[in-house]
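Worksheet for the structure shown next.
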Amino acid sequence: MERRNAWKDYTKKEVRELEKLNKQYREFLDAGKTERECTAQAVVMAEKAGYRNLSEVIEAGAALQPGDKVYSVNMKKSISLFQIGRKPMEKGMAILGAHIDSPRMDIKQNPLYEDTELAYLDTHYYGGIKKYQWVTLPLAIHGVVVKNDGTVIDIRIGEDEKDPVFCVTDLLIHLAHERMEKKADKVIEGEALDILFGSQPLKGEEKDAVSKNVLSILKEKYDIEEEDFLSAELEVVPAGKARESGIDASMIMAYGQDDRVCAFTSLLAMLEVENTEYTTCCLLVDKEEIGSVGATGMRSNVFENTVAEVMECLGQYSEMALRRCLANSKMLSSDVSAAFDPVYASAYEKKNAAYFGRGMVFNKFTGSRGKSGSNDANAEFMAQIRGVLKDAKVAYQTAELGKVDIGGGGTIAYIMALYGMDVIDCGVAVLNMHAPWEVTSKADVYETKKGYVVFLEKIFG
């Protein structure tokens, strides 16, 4: 069952809509290279669309009504949005859930050191990466430094053309014969992923003069002391903007498309939908790349608690009503899938692979080697989704992540399935997944956003 390439059927009007959407998407990627930045963008977009902060509603002792729109931010790194439907919430919600963290390098709490008059910052990589892909690239530093008095200093160095950039150095090919014989996962060791941070010594100093100069610059420009690294969250990401890719400009190359491509399209769909029968919800969460752990990951109780707060503001809360709400909900776990790459065809099973330009991708199951750790969606739910997408003429395809004994992966789907709700993985096909620069098809971004809108509006019939 070969799916048709969506580009072949687009009208001129649809191409204009597609290009407009993808321009917005590139701007979203440029402004949001960390979870905090993505959450801040989502708040701005939500408030512009008429959403109110749930905490302010609660503090005011106000009640919610059908048609109301609220959002809740968790530790500035995740956000959930709700549009209240006409049906009681215990009947269930239509949920889109994506993650906004991406593979990167994090600067350690005691990072600065000097060796042979070169200053470095020590890092610890975050998520699944091929470490050798992160050397010699221009890198930027994004994040926050929180001082003892609670002052928060926003850091974003390396994105403006006037900013310096950073890099992890590599050994020249002329001296790398032994290194080239190592396995790929050992060519660059994790502890070698240190950021080259400076080389100019401070005049009048002999010992650690470069480090002292670096610290003087940090103090002058950002009012940061060395000890302030102890309470900092600084992420090292590729420097540079999202770009159109291919001579036909049909693709997008950018950092962090896993999973911000699904986060952006989910958020836009959520903000577009109005006056729904059932409550709709959009979740943008943190920590998926390291197992959805921590207070901002999907394993925490924050989502469940937030749903309870919303129901309380509606006068609908009880423990049983909350349980029914979650069990009766239907969800798309919005996460990316691996696009078929003919250069590496042996890793894929072609009949069950995702392809560029053929629309949003459904992964009925994920997991690895015998579906271990998988959420395996019900056939009835997939049939229901097929029906609403067909009626709306949304291009879609189904896939699995590589060959049976090669591939595998996980999302937040299995966590949400613990509530007993219907949930399936669904998103955009990506080339270069988890690399510093990932590639997507503009057509797939467009079809996925359309599909998310249809899901929110029609999945309950």
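Convention: chains lettered A, B, ... in structure tokens order; per-chain residue numbering from 1; ligands numbered from 1 as shown.
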
Next on the checklist: Please extract the residues of stretch 206-403 of chain A with a backbone DSSP assignment of strand (DSSP E) and present them as number ranges by chain.
Outcome noted: A: 232-238, 243-245, 251-254, 279-285, 330-334, 337-338, 360-363, 367-368, 396-398

Item to check | Sel. of alpha helix (DSSP H) residues, stretch 354-459 of chain A, as number ranges by chain | outcome: A: 379-391, 413-416, 442-458

Check which residues of stretch 245-345 of chain A sit at most 8 Å from stretch 416-435 of chain A using only C-alpha atoms, and return one row each with the closest pair of atoms and their distance in Å to one decimal, ordered by chain and rising number, as a Markdown table.
```
| residue | atom | partner | partner_atom | distance |
| --- | --- | --- | --- | --- |
| A:Tyr255 | CA | A:Ala435 | CA | 7.9 |
| A:Gly256 | CA | A:His434 | CA | 8.0 |
| A:Gln257 | CA | A:Val430 | CA | 7.9 |
| A:Asp258 | CA | A:Met433 | CA | 6.9 |
| A:Val261 | CA | A:Val428 | CA | 7.2 |
| A:Cys262 | CA | A:Gly427 | CA | 6.0 |
| A:Arg323 | CA | A:Tyr419 | CA | 7.7 |
| A:Leu326 | CA | A:Tyr419 | CA | 5.9 |
| A:Ala327 | CA | A:Met421 | CA | 4.5 |
| A:Asn328 | CA | A:Met421 | CA | 5.7 |
| A:Ser329 | CA | A:Met421 | CA | 5.3 |
| A:Lys330 | CA | A:Asp422 | CA | 4.9 |
| A:Met331 | CA | A:Val423 | CA | 4.6 |
| A:Leu332 | CA | A:Ile424 | CA | 5.3 |
| A:Ser333 | CA | A:Asp425 | CA | 4.6 |
| A:Ser334 | CA | A:Cys426 | CA | 4.9 |
| A:Asp335 | CA | A:Gly427 | CA | 4.9 |
| A:Val336 | CA | A:Gly427 | CA | 4.7 |
| A:Ser337 | CA | A:Ala429 | CA | 4.7 |
| A:Ala338 | CA | A:Val430 | CA | 5.3 |
| A:Ala339 | CA | A:Ala429 | CA | 4.7 |
| A:Phe340 | CA | A:Leu431 | CA | 7.6 |
| A:Asp341 | CA | A:Leu431 | CA | 7.2 |
```

8 Å contact set for stretch 23-32 of chain A, only C-alpha atoms, chain neighbours under 6 positions out, as a PDB file with N, CA and C atoms, in the first residue's frame:
```pdb
ATOM      1  N   CYS A  38      10.948  27.717  24.340  1.00  0.00           N
ATOM      2  CA  CYS A  38       9.725  27.223  23.689  1.00  0.00           C
ATOM      3  C   CYS A  38       8.498  27.504  24.549  1.00  0.00           C
ATOM      4  N   GLN A  41       7.568  31.150  24.306  1.00  0.00           N
ATOM      5  CA  GLN A  41       6.883  31.425  23.038  1.00  0.00           C
ATOM      6  C   GLN A  41       5.441  30.953  23.072  1.00  0.00           C
ATOM      7  N   GLY A 240      22.989  29.274  14.780  1.00  0.00           N
ATOM      8  CA  GLY A 240      22.474  29.517  13.431  1.00  0.00           C
ATOM      9  C   GLY A 240      20.991  29.292  13.299  1.00  0.00           C
ATOM     10  N   LYS A 241      20.445  29.833  12.242  1.00  0.00           N
ATOM     11  CA  LYS A 241      19.007  29.807  12.035  1.00  0.00           C
ATOM     12  C   LYS A 241      18.554  28.585  11.242  1.00  0.00           C
ATOM     13  N   ALA A 242      17.271  28.265  11.412  1.00  0.00           N
ATOM     14  CA  ALA A 242      16.637  27.256  10.569  1.00  0.00           C
ATOM     15  C   ALA A 242      16.663  27.740   9.126  1.00  0.00           C
ATOM     16  N   ARG A 243      16.919  26.826   8.209  1.00  0.00           N
ATOM     17  CA  ARG A 243      17.046  27.201   6.792  1.00  0.00           C
ATOM     18  C   ARG A 243      16.183  26.309   5.914  1.00  0.00           C
ATOM     19  N   ILE A 252      13.211  21.651   5.360  1.00  0.00           N
ATOM     20  CA  ILE A 252      13.739  22.539   6.389  1.00  0.00           C
ATOM     21  C   ILE A 252      14.867  21.822   7.108  1.00  0.00           C
ATOM     22  N   ALA A 254      17.267  22.280  10.410  1.00  0.00           N
ATOM     23  CA  ALA A 254      17.350  23.065  11.641  1.00  0.00           C
ATOM     24  C   ALA A 254      17.678  22.163  12.814  1.00  0.00           C
ATOM     25  N   TYR A 255      18.129  22.792  13.888  1.00  0.00           N
ATOM     26  CA  TYR A 255      18.337  22.083  15.145  1.00  0.00           C
ATOM     27  C   TYR A 255      17.009  21.916  15.873  1.00  0.00           C
ATOM     28  N   GLY A 256      16.853  20.794  16.572  1.00  0.00           N
ATOM     29  CA  GLY A 256      15.758  20.612  17.515  1.00  0.00           C
ATOM     30  C   GLY A 256      14.412  20.271  16.913  1.00  0.00           C
ATOM     31  N   GLN A 257      14.377  19.789  15.673  1.00  0.00           N
ATOM     32  CA  GLN A 257      13.080  19.458  15.082  1.00  0.00           C
ATOM     33  C   GLN A 257      12.452  18.234  15.753  1.00  0.00           C
ATOM     34  N   ARG A 260      10.313  19.570  18.245  1.00  0.00           N
ATOM     35  CA  ARG A 260       9.628  20.864  18.164  1.00  0.00           C
ATOM     36  C   ARG A 260       8.782  20.994  16.908  1.00  0.00           C
ATOM     37  N   VAL A 261       9.020  20.135  15.927  1.00  0.00           N
ATOM     38  CA  VAL A 261       8.136  20.144  14.761  1.00  0.00           C
ATOM     39  C   VAL A 261       6.735  19.694  15.161  1.00  0.00           C
ATOM     40  N   PHE A 264       5.234  22.510  17.688  1.00  0.00           N
ATOM     41  CA  PHE A 264       4.732  23.693  16.987  1.00  0.00           C
ATOM     42  C   PHE A 264       3.411  23.418  16.295  1.00  0.00           C
TER      43      PHE A 264
END
```

Next on the checklist: Which residues are close to A:Met75, i.e. within 12 Å by only C-alpha atoms, leaving aside same-chain residues fewer than 6 positions away? Reply as a PyMOL selection string.
Outcome noted: chain A and resi 35-36+39-40+285-286+294-297+302

Could you pull the residues within 8 Å of A:Leu18, counting only C-alpha atoms, minus those fewer than 6 positions along the same chain, as a PDB file with C-alpha atoms, in the first residue's frame?
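Just written: around17.pdb:
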```
ATOM      1  CA  LYS A 442       7.521  21.180   4.388  1.00  0.00           C
ATOM      2  CA  ALA A 443       4.648  19.083   3.078  1.00  0.00           C
ATOM      3  CA  TYR A 446       1.671  21.177   6.655  1.00  0.00           C
TER       4      TYR A 446
END
```

Checklist entry - Using only C-alpha atoms, which residue out of A:Trp437, A:Gly357, A:Val57, A:Val453 lies closest to A:Asp9? => result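 Closest to A:Asp9 of all the choices is A:Gly357.
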
Checklist entry - Hey, which of A:Leu193, A:Met93, A:Val236, A:Ile290 ends up closest to A:Phe460? Count only C-alpha atoms. => result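 Using only C-alpha atoms, the shortest distance to A:Phe460 belongs to A:Met93.
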
Checklist entry - Closest to A:Ala63 among A:Gly291, A:Ser250, A:Ile188, A:Ile84, using only C-alpha atoms? => result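 Ranked by minimum distance to A:Ala63, first place goes to A:Ile84.
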
Item to check | Point-to-point distance from atom CA of A:Gly143 to atom CA of A:Glu37, Å rounded to tenths | outcome: 8.5 Å

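For the set A:Tyr113, A:Tyr126, A:Trp7, A:Tyr348, the residue with the smallest atom-to-atom gap to A:Lys403 is A:Tyr348, counting only C-alpha atoms.
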
Next on the checklist: List as an MDAnalysis selection string the protein and nucleic acid residues near A:Lys87, meaning an atom at most 10 Å away when only C-alpha atoms are counted, but skip any in the same chain fewer than 3 places from it.
Outcome noted: chainID A and resid 66 84 90:93 276:279

What does the file look like for those residues with C-alpha atoms, as a compact mmCIF listing (two decimals), in the first residue's frame?
```
# COMPACT_ATOMS: atom_id res chain seq x y z
CA PRO A 66 -17.46 26.04 28.37
CA ILE A 84 -13.19 23.84 27.81
CA GLU A 90 -15.31 13.27 32.73
CA LYS A 91 -16.44 12.33 29.20
CA GLY A 92 -12.81 12.74 28.13
CA MET A 93 -10.51 15.13 26.31
CA THR A 276 -15.44 22.18 20.67
CA GLU A 277 -17.93 19.71 22.10
CA TYR A 278 -15.26 18.00 24.15
CA THR A 279 -12.44 19.70 26.04
```

Checklist entry - What lies within 10 Å of stretch 386-398 of chain A using only C-alpha atoms, ignoring chain neighbours under 2 positions off, as a ChimeraX atom specification? => result /A:1-6,337,351-355,357-364,380-384,400,426-429,443-444,446-455,457-461

Next on the checklist: I need the residue nearest A:Lys33 from this list: A:Glu181, A:Glu117, A:Glu161, A:Asp101. Use only C-alpha atoms for the distance.
Outcome noted: A:Asp101
